[in-house]
Structure formats: structure tokens, C-alpha cells
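Colleague: Below you'll find target_37.txt; it's compact mmCIF, C-alpha atoms.
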```txt
# COMPACT_ATOMS: atom_id res chain seq x y z
CA MET A 345 38.45 -6.45 16.51
CA ASN A 346 36.45 -3.26 17.06
CA THR A 347 36.16 -2.80 13.30
CA LEU A 348 34.85 -6.33 12.88
CA ILE A 349 32.25 -5.84 15.60
CA PHE A 350 31.25 -2.53 14.03
CA LEU A 351 30.82 -4.21 10.65
CA LEU A 352 28.73 -6.97 12.22
CA VAL A 353 26.52 -4.44 14.01
CA ALA A 354 26.20 -2.38 10.81
CA THR A 355 25.11 -5.49 8.89
CA LEU A 356 22.50 -6.29 11.52
CA VAL A 357 21.23 -2.70 11.50
CA LEU A 358 20.99 -2.72 7.70
CA TYR A 359 19.15 -6.04 7.85
CA VAL A 360 16.63 -4.63 10.33
CA MET A 361 16.16 -1.56 8.11
CA SER A 362 15.55 -3.81 5.10
CA LEU A 363 12.90 -5.68 7.13
CA HIS A 364 11.25 -2.34 7.87
CA ILE A 365 11.23 -1.32 4.24
CA SER A 366 9.94 -4.70 3.13
CA ALA A 367 7.11 -4.60 5.69
CA TYR A 368 6.27 -1.04 4.64
CA ASN A 369 6.17 -2.00 0.95
CA GLU A 370 3.87 -4.89 1.80
CA LEU A 371 1.58 -2.51 3.67
CA ARG A 372 1.49 -0.14 0.71
CA PHE A 373 0.60 -3.00 -1.61
CA THR A 374 -2.14 -4.12 0.77
CA ALA A 375 -3.52 -0.58 0.65
CA TYR A 376 -3.58 -0.73 -3.17
CA ARG A 377 -5.35 -4.09 -3.05
CA PHE A 378 -7.96 -2.62 -0.72
CA ARG A 379 -8.50 0.28 -3.11
CA TYR A 380 -9.06 -2.14 -5.99
CA PHE A 381 -11.38 -4.27 -3.82
CA GLU A 382 -13.40 -1.15 -3.11
CA LEU A 383 -13.75 -0.37 -6.81
CA ARG A 384 -14.80 -3.93 -7.62
CA ASP A 385 -17.36 -3.87 -4.81
CA LYS A 386 -18.75 -0.52 -5.98
CA LEU A 387 -19.23 -2.03 -9.42
CA ALA A 388 -20.90 -5.12 -7.97
CA MET A 389 -23.22 -2.90 -5.96
CA LEU A 390 -24.31 -1.19 -9.17
CA VAL A 391 -25.35 -4.64 -10.44
CA VAL A 392 -27.17 -5.42 -7.20
CA GLN A 393 -28.96 -2.07 -7.39
CA GLY A 394 -30.03 -2.87 -10.94
CA LYS A 395 -28.06 0.01 -12.51
CA LEU A 396 -25.74 -2.26 -14.47
CA ARG A 397 -26.27 -5.69 -15.99
CA GLU A 398 -24.03 -8.52 -14.87
CA ASP A 399 -23.83 -9.93 -18.39
CA SER A 400 -22.91 -6.56 -19.89
CA TRP A 401 -19.57 -6.25 -21.63
CA GLU A 402 -18.61 -3.21 -19.51
CA TYR A 403 -19.12 -5.02 -16.22
CA GLN A 404 -17.22 -8.10 -17.27
CA HIS A 405 -14.36 -6.15 -18.78
CA ILE A 406 -13.93 -3.78 -15.84
CA VAL A 407 -14.08 -6.59 -13.27
CA SER A 408 -11.57 -8.59 -15.28
CA THR A 409 -9.23 -5.59 -15.49
CA ILE A 410 -9.50 -4.85 -11.77
CA ASN A 411 -8.91 -8.52 -10.97
CA PHE A 412 -5.81 -8.48 -13.13
CA HIS A 413 -4.44 -5.55 -11.13
CA ILE A 414 -5.33 -7.14 -7.77
CA SER A 415 -3.69 -10.37 -8.78
CA ALA A 416 -0.60 -8.56 -10.04
CA VAL A 417 -0.27 -6.60 -6.80
CA GLU A 418 -0.67 -9.80 -4.76
CA THR A 419 1.73 -12.06 -6.58
CA VAL A 420 4.25 -10.18 -8.69
CA SER A 421 7.47 -8.51 -7.50
CA ILE A 422 7.70 -4.72 -7.62
CA ILE A 423 10.10 -4.69 -10.57
CA ARG A 424 7.96 -7.07 -12.62
CA LEU A 425 4.75 -5.31 -11.58
CA VAL A 426 5.89 -1.92 -12.86
CA THR A 427 7.12 -3.35 -16.16
CA MET A 428 3.93 -5.35 -16.62
CA LEU A 429 1.58 -2.46 -15.85
CA ILE A 430 3.47 -0.08 -18.13
CA ARG A 431 3.31 -2.57 -21.01
CA TYR A 432 -0.35 -3.27 -20.25
CA HIS A 433 -1.40 0.38 -20.22
CA THR A 434 0.54 1.26 -23.35
CA SER A 435 -0.59 -1.80 -25.35
CA SER A 436 -2.78 -1.26 -28.38
CA ILE A 437 -5.29 -3.93 -27.21
CA GLU A 438 -5.83 -2.07 -23.95
CA GLN A 439 -6.24 1.22 -25.82
CA GLN A 440 -8.88 -0.34 -28.09
CA GLN A 441 -10.75 -1.81 -25.14
CA VAL A 442 -10.72 1.47 -23.21
CA ARG A 443 -12.03 3.29 -26.29
CA ALA A 444 -14.82 0.72 -26.59
CA LEU A 445 -15.58 1.05 -22.91
CA ARG A 446 -15.78 4.82 -23.13
CA ARG A 447 -18.28 4.56 -25.98
CA ASN A 448 -20.44 2.04 -24.14
CA ILE A 449 -20.56 3.51 -20.69
CA GLY A 450 -24.01 4.93 -20.14
CA ASP A 451 -24.06 5.37 -16.38
CA PRO A 452 -21.90 8.20 -14.92
CA ALA A 453 -21.40 6.05 -11.80
CA VAL A 454 -19.46 3.52 -13.90
CA ALA A 455 -17.39 6.34 -15.39
CA ARG A 456 -16.59 7.55 -11.86
CA ILE A 457 -15.40 4.05 -10.96
CA MET A 458 -13.16 4.09 -14.04
CA VAL A 459 -11.72 7.46 -12.98
CA GLU A 460 -10.94 6.07 -9.51
CA TYR A 461 -9.44 2.94 -11.04
CA MET A 462 -7.15 5.06 -13.20
CA GLU A 463 -6.13 7.26 -10.27
CA THR A 464 -5.29 4.17 -8.22
CA THR A 465 -3.27 2.66 -11.06
CA MET A 466 -1.40 5.92 -11.66
CA ASP A 467 -0.56 6.10 -7.95
CA LEU A 468 0.62 2.50 -8.06
CA ILE A 469 2.87 3.00 -11.08
CA ARG A 470 4.19 6.36 -9.90
CA ARG A 471 4.97 5.14 -6.39
CA ASN A 472 6.80 2.05 -7.61
CA SER A 473 8.78 3.62 -10.43
CA ARG A 474 10.02 6.81 -8.83
CA ALA A 475 13.64 5.90 -9.53
CA GLN A 476 13.02 5.36 -13.26
CA ILE A 477 10.97 8.56 -13.55
CA ALA A 478 13.70 10.60 -11.84
CA LEU A 479 16.50 8.97 -13.84
CA ILE A 480 14.70 9.33 -17.17
CA GLY A 481 13.97 12.99 -16.38
CA LEU A 482 17.63 13.62 -15.56
CA ALA A 483 18.88 11.70 -18.62
CA THR A 484 16.46 13.59 -20.87
CA ARG A 485 17.69 16.94 -19.59
CA VAL A 486 21.32 15.90 -20.08
CA MET A 487 20.69 14.52 -23.59
CA ASP A 488 18.77 17.62 -24.60
CA ARG A 489 21.98 19.57 -24.13
CA PHE A 490 23.87 17.29 -26.53
CA GLY A 491 21.14 17.09 -29.16
CA SER A 492 19.29 14.14 -30.66
CA LYS A 493 22.47 12.23 -31.64
CA ALA A 494 23.19 11.47 -28.03
CA ARG A 495 19.93 9.59 -27.60
CA PRO A 496 20.22 5.78 -27.48
CA GLU A 497 18.56 3.96 -30.36
CA HIS A 498 17.13 1.22 -28.18
CA GLU A 499 14.97 1.38 -25.10
CA LEU A 500 17.17 0.87 -22.04
CA VAL A 501 14.41 1.00 -19.40
CA VAL A 502 10.66 0.96 -19.74
CA ASN A 503 9.36 4.49 -19.48
CA PRO A 504 6.64 4.88 -16.82
CA ASN A 505 5.81 8.35 -18.14
CA GLU A 506 4.34 6.85 -21.32
CA ALA A 507 1.88 4.76 -19.31
CA LEU A 508 1.13 7.65 -16.95
CA THR A 509 0.39 9.99 -19.84
CA ALA A 510 -1.83 7.40 -21.54
CA ILE A 511 -3.78 6.78 -18.34
CA GLU A 512 -4.07 10.49 -17.59
CA THR A 513 -5.56 11.13 -21.05
CA ARG A 514 -8.10 8.34 -20.61
CA LYS A 515 -8.89 9.52 -17.11
CA SER A 516 -9.86 12.99 -18.32
CA GLU A 517 -12.14 11.41 -20.94
CA PHE A 518 -13.87 9.33 -18.29
CA GLN A 519 -14.08 12.38 -16.03
CA ALA A 520 -16.05 14.13 -18.76
CA ALA A 521 -18.35 11.09 -18.99
CA ALA A 522 -18.77 11.07 -15.21
CA ALA A 523 -19.74 14.72 -15.17
CA ALA A 524 -22.33 14.23 -17.94
CA MET B 432 -19.66 1.25 49.82
CA ALA B 433 -16.44 -0.12 51.36
CA ALA B 434 -13.27 1.87 50.82
CA TYR B 435 -10.70 0.58 48.35
CA ASN B 436 -8.13 -0.97 50.70
CA LYS B 437 -4.56 -2.22 50.33
CA TRP B 438 -5.66 -5.84 49.85
CA GLU B 439 -7.86 -4.89 46.92
CA PHE B 440 -5.00 -2.86 45.50
CA LEU B 441 -2.70 -5.91 45.87
CA ARG B 442 -5.30 -8.15 44.19
CA ASP B 443 -5.63 -5.73 41.23
CA PHE B 444 -1.87 -5.38 41.02
CA CYS B 445 -1.44 -9.19 40.91
CA ASN B 446 -4.19 -9.54 38.32
CA HIS B 447 -2.53 -6.98 36.06
CA PHE B 448 0.88 -8.47 36.71
CA PHE B 449 -0.30 -11.93 35.57
CA GLY B 450 -2.17 -10.24 32.75
CA LEU B 451 1.17 -8.94 31.48
CA PHE B 452 2.52 -12.50 31.42
CA ASN B 453 -0.62 -13.90 29.80
CA SER B 454 -0.67 -11.31 27.02
CA GLY B 455 3.06 -11.39 26.29
CA GLN B 456 3.42 -7.78 27.45
CA ILE B 457 6.00 -8.60 30.12
CA TYR B 458 8.89 -7.26 28.01
CA PRO B 459 7.52 -3.71 27.69
CA ALA B 460 6.72 -3.88 31.41
CA PHE B 461 10.30 -4.92 32.09
CA ALA B 462 11.49 -1.98 29.98
CA LEU B 463 9.40 0.34 32.13
CA PHE B 464 11.01 -1.22 35.21
CA VAL B 465 14.49 -0.55 33.78
CA LEU B 466 13.48 3.03 32.95
CA ALA B 467 12.28 3.44 36.54
CA ILE B 468 15.72 2.28 37.79
CA ILE B 469 17.43 4.79 35.47
CA ALA B 470 15.14 7.56 36.73
CA LEU B 471 15.94 6.55 40.31
CA ILE B 472 19.69 6.70 39.62
CA PHE B 473 19.31 10.21 38.15
CA PHE B 474 17.23 11.22 41.12
CA ARG B 475 19.81 9.92 43.59
CA VAL B 476 22.87 11.45 41.90
CA PRO B 477 24.02 14.60 43.72
CA GLY B 478 23.21 17.78 41.82
CA ASP B 479 26.84 18.77 41.24
CA GLN B 480 27.67 15.38 39.63
CA LEU B 481 24.70 15.35 37.25
CA PRO B 482 26.36 17.42 34.43
CA GLY B 483 29.32 15.00 34.51
CA VAL B 484 27.02 11.95 34.15
CA ILE B 485 25.14 13.57 31.24
CA ALA B 486 28.46 14.46 29.56
CA GLN B 487 29.59 10.83 29.90
CA ILE B 488 26.37 9.58 28.32
CA ILE B 489 26.70 12.02 25.40
CA GLU B 490 30.33 10.93 24.95
CA ALA B 491 29.29 7.25 24.91
CA LEU B 492 26.64 7.99 22.28
CA GLN B 493 29.14 9.59 19.91
CA GLY B 494 30.66 7.59 17.06
CA SER B 495 29.52 4.30 15.58
CA ARG B 496 28.02 3.00 18.80
CA GLY B 497 25.86 6.11 19.10
CA LEU B 498 24.73 5.66 15.53
CA ALA B 499 23.67 2.09 16.30
CA TYR B 500 21.65 3.29 19.32
CA VAL B 501 20.01 6.03 17.30
CA LEU B 502 19.10 3.59 14.53
CA LEU B 503 17.71 1.19 17.11
CA ALA B 504 15.52 3.95 18.56
CA VAL B 505 14.41 5.05 15.06
CA SER B 506 13.68 1.44 14.19
CA ASN B 507 11.45 1.01 17.24
CA VAL B 508 9.55 4.21 16.50
CA LEU B 509 9.06 3.09 12.90
CA TRP B 510 7.67 -0.28 14.01
CA VAL B 511 5.14 1.47 16.24
CA TRP B 512 4.15 3.79 13.38
CA HIS B 513 3.94 0.88 10.96
CA GLY B 514 1.71 -1.10 13.33
CA ARG B 515 -0.59 1.88 13.73
CA GLU B 516 -0.80 2.45 9.96
CA GLN B 517 -1.51 -1.22 9.35
CA ARG B 518 -4.23 -1.30 11.99
CA GLY B 519 -5.80 1.83 10.49
CA LYS B 520 -5.87 0.41 6.97
CA TYR B 521 -7.36 -2.91 8.07
CA LEU B 522 -9.97 -1.16 10.22
CA ALA B 523 -10.94 1.06 7.28
CA GLU B 524 -11.35 -2.03 5.10
CA ILE B 525 -13.45 -3.77 7.75
CA ASN B 526 -15.65 -0.69 8.09
CA ARG B 527 -16.08 -0.54 4.33
CA LEU B 528 -17.12 -4.18 4.19
CA ALA B 529 -19.48 -3.66 7.11
CA ALA B 530 -21.14 -0.77 5.23
CA ILE B 531 -21.63 -3.00 2.17
CA ARG B 532 -23.06 -5.78 4.32
CA LYS B 533 -25.46 -3.29 5.89
CA ALA B 534 -26.55 -2.01 2.46
CA LEU B 535 -27.14 -5.56 1.26
CA MET B 536 -28.95 -6.71 4.41
CA HIS B 537 -31.30 -3.76 4.50
CA GLY B 538 -31.59 -3.15 0.77
CA THR B 539 -34.67 -4.06 -1.23
CA SER B 540 -33.06 -4.98 -4.54
CA PRO B 541 -33.90 -8.54 -5.68
CA VAL B 542 -30.89 -8.64 -8.05
CA ILE B 543 -28.14 -11.09 -7.18
CA ILE B 544 -24.80 -11.61 -8.88
CA LYS B 545 -24.75 -15.04 -10.46
CA GLU B 546 -21.10 -15.54 -11.25
CA HIS B 547 -18.39 -14.99 -8.68
CA ARG B 548 -15.43 -13.17 -10.21
CA SER B 549 -12.40 -13.08 -7.95
CA SER B 550 -8.81 -12.23 -8.72
CA THR B 551 -7.75 -15.81 -7.94
CA GLY B 552 -10.48 -17.34 -10.06
CA GLN B 553 -9.99 -15.16 -13.13
CA GLN B 554 -6.29 -14.47 -13.06
CA GLU B 555 -4.57 -17.67 -12.06
CA GLU B 556 -1.62 -16.94 -14.31
CA SER B 557 -1.20 -13.40 -13.16
CA TYR B 558 2.19 -12.93 -14.80
CA LEU B 559 0.43 -13.01 -18.15
CA MET B 560 -1.46 -10.12 -19.62
CA PRO B 561 -5.21 -10.71 -19.38
CA THR B 562 -6.55 -11.94 -22.69
CA ASN B 563 -10.26 -12.31 -22.45
CA PRO B 564 -11.57 -13.65 -25.76
CA ASP B 565 -15.08 -12.44 -24.90
CA ALA B 566 -13.92 -8.90 -24.31
CA THR B 567 -14.41 -7.66 -27.85
CA ASP B 568 -15.75 -4.28 -28.72
CA PRO B 569 -19.53 -4.71 -29.03
CA SER B 570 -19.79 -1.62 -31.23
CA GLU B 571 -17.02 -2.77 -33.59
CA GLY B 572 -18.07 -2.40 -37.19
CA LYS B 573 -20.50 0.38 -36.42
CA SER B 574 -19.59 3.75 -37.76
```
Hey, can you dump this file as C-alpha cells for me?
Modeller:
Amino acid sequence: MNTLIFLLVATLVLYVMSLHISAYNELRFTAYRFRYFELRDKLAMLVVQGKLREDSWEYQHIVSTINFHISAVETVSIIRLVTMLIRYHTSSIEQQQVRALRRNIGDPAVARIMVEYMETTMDLIRRNSRAQIALIGLATRVMDRFGSKARPEHELVVNPNEALTAIETRKSEFQAAAAA
Amino acid sequence: MAAYNKWEFLRDFCNHFFGLFNSGQIYPAFALFVLAIIALIFFRVPGDQLPGVIAQIIEALQGSRGLAYVLLAVSNVLWVWHGREQRGKYLAEINRLAAIRKALMHGTSPVIIKEHRSSTGQQEESYLMPTNPDATDPSEGKS
């Protein structure tokens, strides 16, 4: 009887802990949304101040990208979000558009917004894919000992490091533009 | 000025007491009442029996039951911390919006944004990757 009561209490305790974690995750996501809102508002203020044109390609593309991230954070589950953002930031279309954006940005203030956007996105991906990053790091170290034959031919999990590296590279390019 | 007398104290006490009911804070107040009873018991226990009582409490807290109590206490502390964090983040967001409103109200720029672009308006199907047909490279084709 005591064991049964203990198991019941343990289940309730675990349930309460899961509520905590869920509420905390929600709070973290809200914080990310607020950071994206801030970036979008900063961009809009540049338009209001006459430093950027509303009908410019840069403005429309950046707002659309930020809106995509806000919407993803609001509606998509953590697992789906991480996968989606990794695919998005490693896609060739995104790479082309970022290159185009870098060429067209004239105002350092816009470049600074892009740097902040990339930092926020890197935080978001890193925070929500810690398990994959740790596991991939461990697996890589183990497989390095056994040589290249031990490596699986197919992708078993999406690799957040690829997206993080891609974003980091673009971020440093925009940082240079912001400092100009 | 008249001195603060016992009737005024009673009136303030009653006001605060009903205030606890009205604001739903009666449960924390009840917890304080229970804590006061516990403190009174400790105060009334003879000095030579106090180590025995403390030993009994420690014994009761050992094992699975103790773990449950500890988790309950941790859980409560985490809720308080979570509430504080949440309040801080929302306040920061409100302050940020207030600063923007101030800049817009007192600014002199005649430029207004014609098209409203929100995350719900632009990204209704958020599970899809954004494919904006207009978002082509304007310098494409230039060397």
C-alpha cells in the first residue's frame, strides 16, 4: 500500500515539475517573441524617421523574415521549430537572399538590426537544441576514434551546428557593414 | 492630531482582513497563521525537549516523504521565481512600447507606414517556409 501511495505521489510531483518546465519554456519563447518584436519595431522606426523606404526590398524582406520567426515561435512546437529553423538557415534560397541583402544594405543601422536578429536566432536555436548539439559532439568524438567508416551514410538528426555556423558567418559580415 | 487608538487599529485590521478575502490572498494569510502556531509550539516546548522534537522532524523528513516535501518547497520557490521573471519581461516590453509611443508622439517625422505587416497577417501558414515571390535579388544580373 505504501509503495502504491509513493508511486502516486511521485507521479503527481513529476506532473507538477512538468507544468513548471512547460511554463518556463513558454516564458522563454515569449522572451524571444519580444526580442523579435523589438527588432521589427526598430526597423519600422527607421522608416518613420525617413532613413529607410517602406517599399524597399530590404525592409520588406527583413520584416517578412522576422515575422516568419515570430510566427514560428508562437505556433510551432519546440521540436518542429528547431528543425524548421535549421532547414531555413541552411537553405540555398535563404543564403542567396542574405547575400543580396548584404549587398543592398546602405544604412549601418539596418546592418545592426540584422546582427541582433542573427544573435537572437542563434540563441533560439542553441537554447532549443542543446541535446542534439551535445549528442552530436559526443558521437563525433566517438566516431573520430573509429575512423570515417564508422560514420552513418544518412543524416540521423538535423545538425544545429550547420545552421549556427552559417548564421555566425553571416553575422560577422553584417557586423562589418554595421561598423562601416 | 488625535492619537491612533485601539478602535482605529481594529478598523484597519478589519479592512485589511476583508482585503485579504477580496483579493484572494486569504490562503497565504492562512499559511502565515499556521506558521505562527508552529512558532508558538516551538516557543512553548521546554528547552530540554527541543532537540528531541527537531530530531523527530528530521527523521520524518527522511526517505520518500521527505523528498516529496523538499520537491514541494522547491516547486513553490520556482513558481515565485517564475512569476517574478514573467512580470519583469512583460514590464520591460511595456516600457519599450511606451518609449516608442513617446518617440512617435513627440517626433516631427511626417512619414507613416502604409502597409501593416504583422506575423499573423504575413505568415498564416507558419509551418511552411516563407516564400515571398517579390523577394528577389534586385541586383541579380549585375556583375
Colleague: In Å, with one decimal, what is the gap from CA of Ile485 in chain B to CA of Phe473 in chain B?
Modeller: 9.6 Å
Colleague: Of the candidates A:His405, A:Arg456, A:Arg514, A:Lys395, which one gets nearest to chain B if we count only C-alpha atoms?
Modeller: A:His405
Colleague: Identify which of the residues A:Phe378, A:Phe373, A:Val360, A:Gly450 lies closest to Leu396 in chain A, counting all atoms listed in the file when measuring atom-to-atom distances.
Modeller: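 Among the listed residues, the smallest separation from Leu396 in chain A belongs to A:Gly450.
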Colleague: Between CA of Leu503 in chain B and CA of Leu481 in chain B, what is the spacing in Å?
Modeller: 25.6 Å
Colleague: How many Å lie between CA of Glu516 in chain B and CA of Glu382 in chain A, rounded to one decimal?
Modeller: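 Interatomic distance, CA of Glu516 in chain B to CA of Glu382 in chain A: 18.5 Å.
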Colleague: Could you tell me which of A:Ser421, A:Leu371, A:Asn346, A:Val501 comes closest to His513 in chain B if we count all atoms listed in the file?
Modeller: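 Smallest separation from His513 in chain B among the options: A:Leu371.
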Colleague: Skipping near chain neighbours, those fewer than 6 positions away, what residues fall within 9 Å of range 475-489 of chain A using only C-alpha atoms, listed as a PyMOL selection string?
Modeller: chain A and resi 495+501-505
Colleague: Quick one: of A:Trp401, A:Leu508, A:Leu352, A:Ile365, who's nearest to chain B, counting all atoms listed in the file?
Modeller: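 Once distances to chain B are computed over all atoms listed in the file, the minimum belongs to A:Trp401.
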Colleague: Pick out the residues sitting within 9 Å of Ala523 in chain A, and hand them over as a compact mmCIF listing (two decimals) with C-alpha atoms, in the coordinates of the input; count only C-alpha atoms, and ignore anything fewer than 2 positions along from it in its own chain.
Modeller:
```txt
# COMPACT_ATOMS: atom_id res chain seq x y z
CA PRO A 452 -21.90 8.20 -14.92
CA ALA A 455 -17.39 6.34 -15.39
CA ARG A 456 -16.59 7.55 -11.86
CA PHE A 518 -13.87 9.33 -18.29
CA GLN A 519 -14.08 12.38 -16.03
CA ALA A 520 -16.05 14.13 -18.76
CA ALA A 521 -18.35 11.09 -18.99
```
Colleague: Using all atoms listed in the file, find the one residue out of A:Leu383, A:Ala444, A:Leu390, A:Leu348 that sits nearest to chain B.
Modeller: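 When distances to chain B are compared using all atoms listed in the file, the smallest one comes from A:Ala444.
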Colleague: Write out as a list in words which residues come within 10 Å of Arg527 in chain B when counting only C-alpha atoms, dropping same-chain ones fewer than 5 positions away.
Modeller: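 Near Arg527 in chain B, the qualifying residues are Phe378, Glu382 and Asp385 of chain A; Tyr521, Leu522, Arg532 and Lys533 of chain B.
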Colleague: Using only C-alpha atoms, collect all residues at a distance of at most 8 Å from (2.6, 4.9, -17.5) as written in the file, then present them as a PyMOL selection string.
Modeller: chain A and resi 429-430+433-434+466+469-470+503-511
Colleague: Show which residues sit within 12 Å of Glu460 in chain A, as a PyMOL selection string. Count only C-alpha atoms, and ignore same-chain residues fewer than 2 positions away.
Modeller: chain A and resi 376+379-384+386-387+410+453-458+462-467+511-512+514-516+518-519+522
Colleague: Smallest atom-to-atom distance to Ile488 in chain B: which of B:Ala462, B:Tyr500, B:Val511, B:Ile457, using all atoms listed in the file?
Modeller: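 Of B:Ala462, B:Tyr500, B:Val511, B:Ile457, the one nearest Ile488 in chain B is B:Tyr500, counting all atoms listed in the file.
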Colleague: Range 387-413 of chain A from the block above, N, CA and C atoms, as a compact mmCIF listing (two decimals), in the first residue's frame, please?
Modeller:
```txt
# COMPACT_ATOMS: atom_id res chain seq x y z
N LEU A 387 13.12 48.55 -36.96
CA LEU A 387 13.13 48.70 -38.42
C LEU A 387 12.02 49.67 -38.86
N ALA A 388 10.84 49.51 -38.25
CA ALA A 388 9.73 50.40 -38.60
C ALA A 388 10.05 51.85 -38.24
N MET A 389 10.77 52.01 -37.12
CA MET A 389 11.14 53.38 -36.72
C MET A 389 12.11 54.01 -37.72
N LEU A 390 12.94 53.18 -38.34
CA LEU A 390 13.84 53.71 -39.37
C LEU A 390 13.03 54.25 -40.55
N VAL A 391 11.92 53.57 -40.85
CA VAL A 391 11.03 54.04 -41.93
C VAL A 391 10.38 55.35 -41.52
N VAL A 392 9.88 55.37 -40.29
CA VAL A 392 9.21 56.59 -39.79
C VAL A 392 10.17 57.77 -39.77
N GLN A 393 11.42 57.48 -39.43
CA GLN A 393 12.42 58.56 -39.38
C GLN A 393 12.96 58.93 -40.77
N GLY A 394 12.48 58.24 -41.78
CA GLY A 394 12.88 58.55 -43.14
C GLY A 394 14.24 58.01 -43.54
N LYS A 395 14.79 57.07 -42.74
CA LYS A 395 16.11 56.52 -43.05
C LYS A 395 16.03 55.30 -43.96
N LEU A 396 14.84 54.76 -44.08
CA LEU A 396 14.64 53.55 -44.90
C LEU A 396 13.28 53.67 -45.57
N ARG A 397 13.21 53.22 -46.83
CA ARG A 397 11.93 53.33 -47.54
C ARG A 397 11.08 52.09 -47.27
N GLU A 398 9.78 52.33 -47.10
CA GLU A 398 8.88 51.22 -46.81
C GLU A 398 8.79 50.25 -47.99
N ASP A 399 8.88 50.81 -49.21
CA ASP A 399 8.75 49.94 -50.38
C ASP A 399 10.09 49.35 -50.83
N SER A 400 11.13 49.54 -49.99
CA SER A 400 12.43 48.97 -50.38
C SER A 400 12.42 47.46 -50.17
N TRP A 401 13.23 46.78 -50.98
CA TRP A 401 13.30 45.33 -50.89
C TRP A 401 13.84 44.89 -49.53
N GLU A 402 14.84 45.63 -49.01
CA GLU A 402 15.44 45.27 -47.72
C GLU A 402 14.38 45.26 -46.61
N TYR A 403 13.61 46.36 -46.56
CA TYR A 403 12.61 46.47 -45.49
C TYR A 403 11.61 45.33 -45.57
N GLN A 404 11.10 45.10 -46.75
CA GLN A 404 10.07 44.08 -46.90
C GLN A 404 10.62 42.69 -46.59
N HIS A 405 11.84 42.44 -47.03
CA HIS A 405 12.41 41.11 -46.80
C HIS A 405 12.71 40.89 -45.33
N ILE A 406 13.29 41.91 -44.68
CA ILE A 406 13.64 41.72 -43.25
C ILE A 406 12.38 41.57 -42.40
N VAL A 407 11.37 42.41 -42.68
CA VAL A 407 10.12 42.29 -41.90
C VAL A 407 9.49 40.92 -42.11
N SER A 408 9.50 40.47 -43.35
CA SER A 408 8.92 39.16 -43.64
C SER A 408 9.67 38.04 -42.91
N THR A 409 10.99 38.15 -42.88
CA THR A 409 11.81 37.14 -42.19
C THR A 409 11.54 37.16 -40.68
N ILE A 410 11.49 38.37 -40.12
CA ILE A 410 11.24 38.47 -38.68
C ILE A 410 9.84 37.93 -38.36
N ASN A 411 8.88 38.27 -39.20
CA ASN A 411 7.51 37.78 -38.98
C ASN A 411 7.45 36.26 -39.04
N PHE A 412 8.22 35.69 -39.93
CA PHE A 412 8.28 34.23 -40.03
C PHE A 412 8.77 33.63 -38.71
N HIS A 413 9.81 34.25 -38.13
CA HIS A 413 10.35 33.74 -36.87
C HIS A 413 9.37 33.93 -35.72
```
